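Enquirer: Take a look at this one; I'll ask things after.
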Amino acid sequence: MSLKLKAPIGIYGGTFDPVHYGHLRPNLELCEIFALDHVRFIPAFQPPHRDEPQTSAEQRCEMVAQAIQVEPRFVLDDREIKRGGPSYTVETLKSLRQDYPDNPLCLLMGMDAFSGIDRWYHWQELLNYAHIIVSQRPETDFHASEQWPTAIQTLYQEHKRARQTISDSLCGTIRLEAVTQLSISATDIRNRLKNKQSIRFLMPEPVINLIKYYNLYT
Ligand code: ATP
């Protein structure tokens with residue numbers, strides 16, 4: 001008997017320090033390509049593989065909330081902040097699987113994140129809970145899979161499947177998808193603010209207003 005699954009849900013983790021259009025537009029396109037029910041934006045409390053964020057978890061949440069308010073398919077999920085401690089994605093996926101037992105879960109990420117996934121905590125378990133959809137990022141070569149670490153090349157070869165497997169199964173597929181390329185990064189935005197340059201048109205206006213209000217990244 002075939003299992004009737006509900007619509008897939010996108011899971012999008014990040015530091016969002018601050019959130020920008022490079023986080024927003026690619027996910028909207030993935031939402032449409034895979035008919036995702038919605039995308040859950042999950043700010044990391046304590047990102048395990050990078051420096052501490054420059055702003056508080058609450059401020060990063062507030063910026064995400066402002067950024068996504070116009071798009072009903074985007075939802076803020078603060079479970080990593082409530083959980084505290086290092087924000088391990090595998091733990092987040094376990095709790096999402098409990099909340100959504102019948103929806104395929106799709107972990108959405110840029111190529112830069114995927115090419116280092118073999119350093120994530122318990123990374124071999126991720127595909128037991130979710131699919132992984134990798135979007136192209138301008139500064140990383142989409143087709144340079146031979147430059148990935150061997151473990152990631154193997155993972156990709158074993159799990160790459162046709163698009164429709166995303167809605168037909170709960171987890172276990174890896175897809176690479178080309179989306180509109182926006183060469184925007186939070187690092188560049190923070191540097192511009194430090195140098196008193198404009199950040200207009202790199203992120204939604206309400207996020208810029210919050211940055212000004214809290215006087216962030218100066
Ligand atoms: P930083 O510059 O501080 O490292 P960032 O802009 O890369 O930040 P993160 O919050 O660290 O943003 O990234 C979260 C996710 O967003 C990652 O999966 C990353 O690949 C993806 N991402 C970030 N910027 C872009 C972009 N311009 N286009 C596509 N994906 C992006």
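Going through the structure tokens in order, the chains are called A, B, and so on, while each chain numbers its residues from 1 and the ligands are numbered from 1 in the order shown.
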Using DSSP on the backbone, list every residue of chain A that comes out as helix (DSSP H, G or I), and give them as a VMD selection string.

Expert: chain A and resid 21 to 33 57 to 68 79 to 83 89 to 99 111 to 114 117 to 119 123 to 129 145 to 147 150 to 159 165 to 168 186 to 194 205 to 214

Enquirer: Using only C-alpha atoms and all ligand atoms, which protein or nucleic acid residues are at most 9 Å from ligand 1, as a ChimeraX atom specification?

Expert: /A:12-27,43-44,47,50-51,53,108-114,134-139,179-190

Enquirer: DSSP on the backbone, then: every residue of region 31-183 of chain A marked strand (DSSP E or B), written as a PyMOL selection string.

Expert: chain A and resi 39-43+74-76+105-110+131-135+160+174-177

Enquirer: Using N, CA, C and O atoms, can you write the selected residues to a file as a compact mmCIF listing (two decimals), in the first residue's frame?

Expert:
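Result saved to out-v6.txt:
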```txt
# COMPACT_ATOMS: atom_id res chain seq x y z
N VAL A 39 8.17 27.42 3.63
CA VAL A 39 9.59 27.31 4.02
C VAL A 39 9.72 27.85 5.43
O VAL A 39 9.26 28.96 5.73
N ARG A 40 10.35 27.08 6.31
CA ARG A 40 10.56 27.51 7.69
C ARG A 40 11.97 28.09 7.82
O ARG A 40 12.95 27.39 7.59
N PHE A 41 12.06 29.37 8.15
CA PHE A 41 13.34 30.04 8.37
C PHE A 41 13.73 29.82 9.83
O PHE A 41 12.99 30.23 10.74
N ILE A 42 14.87 29.19 10.05
CA ILE A 42 15.25 28.80 11.41
C ILE A 42 16.60 29.45 11.78
O ILE A 42 17.67 28.92 11.44
N PRO A 43 16.57 30.60 12.45
CA PRO A 43 17.84 31.23 12.85
C PRO A 43 18.59 30.36 13.86
O PRO A 43 17.99 29.84 14.81
N PHE A 74 6.47 31.88 3.70
CA PHE A 74 7.66 31.90 4.55
C PHE A 74 7.24 32.03 6.02
O PHE A 74 6.42 32.90 6.36
N VAL A 75 7.83 31.19 6.86
CA VAL A 75 7.44 31.14 8.28
C VAL A 75 8.71 31.20 9.14
O VAL A 75 9.72 30.57 8.81
N LEU A 76 8.67 31.96 10.22
CA LEU A 76 9.79 32.01 11.17
C LEU A 76 9.63 30.88 12.18
O LEU A 76 8.54 30.68 12.73
N LEU A 105 10.44 16.50 4.27
CA LEU A 105 11.16 17.70 4.74
C LEU A 105 12.31 17.95 3.78
O LEU A 105 13.03 17.01 3.41
N CYS A 106 12.49 19.20 3.38
CA CYS A 106 13.55 19.54 2.42
C CYS A 106 14.49 20.54 3.05
O CYS A 106 14.10 21.70 3.27
N LEU A 107 15.69 20.10 3.34
CA LEU A 107 16.70 20.99 3.90
C LEU A 107 17.28 21.81 2.74
O LEU A 107 17.86 21.24 1.81
N LEU A 108 17.07 23.12 2.79
CA LEU A 108 17.50 24.00 1.69
C LEU A 108 18.81 24.67 2.07
O LEU A 108 18.94 25.17 3.20
N MET A 109 19.75 24.69 1.14
CA MET A 109 21.03 25.36 1.46
C MET A 109 21.75 25.78 0.20
O MET A 109 21.47 25.26 -0.89
N GLY A 110 22.67 26.71 0.35
CA GLY A 110 23.52 27.12 -0.76
C GLY A 110 24.64 26.12 -0.97
O GLY A 110 24.94 25.31 -0.09
N HIS A 131 15.21 15.48 2.76
CA HIS A 131 15.92 15.61 1.50
C HIS A 131 16.86 16.80 1.63
O HIS A 131 16.68 17.65 2.52
N ILE A 132 17.82 16.91 0.74
CA ILE A 132 18.67 18.10 0.72
C ILE A 132 18.55 18.74 -0.67
O ILE A 132 18.77 18.06 -1.68
N ILE A 133 18.16 20.00 -0.71
CA ILE A 133 18.08 20.73 -1.98
C ILE A 133 19.13 21.85 -1.94
O ILE A 133 19.09 22.72 -1.06
N VAL A 134 20.06 21.78 -2.87
CA VAL A 134 21.18 22.72 -2.89
C VAL A 134 20.95 23.73 -4.00
O VAL A 134 20.77 23.36 -5.16
N SER A 135 20.96 25.01 -3.64
CA SER A 135 20.80 26.04 -4.68
C SER A 135 22.17 26.59 -5.06
O SER A 135 23.07 26.66 -4.25
N LYS A 160 21.46 11.26 -5.38
CA LYS A 160 20.82 12.15 -6.37
C LYS A 160 19.69 11.40 -7.07
O LYS A 160 19.82 10.22 -7.42
N ILE A 174 19.06 13.95 -2.77
CA ILE A 174 19.80 15.21 -2.92
C ILE A 174 19.53 15.76 -4.32
O ILE A 174 19.62 15.03 -5.31
N ARG A 175 19.17 17.04 -4.39
CA ARG A 175 18.93 17.71 -5.67
C ARG A 175 19.77 18.98 -5.74
O ARG A 175 19.88 19.71 -4.75
N LEU A 176 20.39 19.25 -6.86
CA LEU A 176 21.03 20.54 -7.09
C LEU A 176 20.09 21.34 -8.00
O LEU A 176 19.62 20.81 -9.00
N GLU A 177 19.80 22.56 -7.65
CA GLU A 177 18.86 23.36 -8.44
C GLU A 177 19.42 24.75 -8.72
O GLU A 177 19.89 25.43 -7.80
```

Enquirer: Quick one: residues within 9 Å of Trp120 (chain A), only C-alpha atoms counted, chain neighbours fewer than 5 positions away excluded, as a PyMOL selection string?

Expert: chain A and resi 48-49+88-90

Enquirer: Take the residues that were just selected and, keeping C-alpha atoms, output them as a PDB file, in the first residue's frame.

Expert:
```pdb
ATOM      1  CA  PRO A  48      28.647  25.388  15.434  1.00  0.00           C
ATOM      2  CA  HIS A  49      31.010  26.078  12.496  1.00  0.00           C
ATOM      3  CA  TYR A  88      22.949  21.138  15.344  1.00  0.00           C
ATOM      4  CA  THR A  89      20.785  20.707  12.243  1.00  0.00           C
ATOM      5  CA  VAL A  90      20.296  16.998  12.836  1.00  0.00           C
TER       6      VAL A  90
END
```

Enquirer: Calculated over only C-alpha atoms, which of the candidates A:Arg163, A:His122, A:Arg200, A:Lys94 has the smallest distance to Ile33 (chain A)?

Expert: A:Arg163

Enquirer: Could you check the closest approach to Arg119 (chain A) for each of A:Ile152, A:Ile68, A:Ala162, A:Leu93 and tell me which residue wins, using only C-alpha atoms?

Expert: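 When distances to Arg119 (chain A) are compared using only C-alpha atoms, the smallest one comes from A:Ile152.
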
Enquirer: CA of Leu170 (chain A) to CA of Asp102 (chain A): how many Å, to one decimal?

Expert: 7.3 Å

Enquirer: How far is it from CA of Met63 (chain A) to CA of Tyr213 (chain A), in Å with one decimal?

Expert: 11.4 Å

Enquirer: Excluding Leu216 (chain A) and residues on its chain fewer than 3 positions from it, collect all residues at most 9 Å away from it, counting only C-alpha atoms, and give them as a PyMOL selection string.

Expert: chain A and resi 54-55+190+193+210-213

Enquirer: When you draw a straight line from CA of Glu52 (chain A) to CA of Tyr121 (chain A), how long is it in Å?

Expert: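 Computed distance, CA of Glu52 (chain A) to CA of Tyr121 (chain A), equals 17.4 Å.
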
Enquirer: Under the rule that only C-alpha atoms are counted, which of A:Asp77, A:Asn128, A:Pro149, A:Tyr217 is the nearest residue to Arg192 (chain A)?

Expert: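 Of A:Asp77, A:Asn128, A:Pro149, A:Tyr217, the one nearest Arg192 (chain A), counting only C-alpha atoms, is A:Tyr217.
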
Enquirer: If we count only C-alpha atoms and set the cut-off at 8 Å, which residues sit around Leu36 (chain A), ignoring sequence neighbours fewer than 3 positions away in its own chain? Please answer as a ChimeraX atom specification.

Expert: /A:7-10,30-33,39
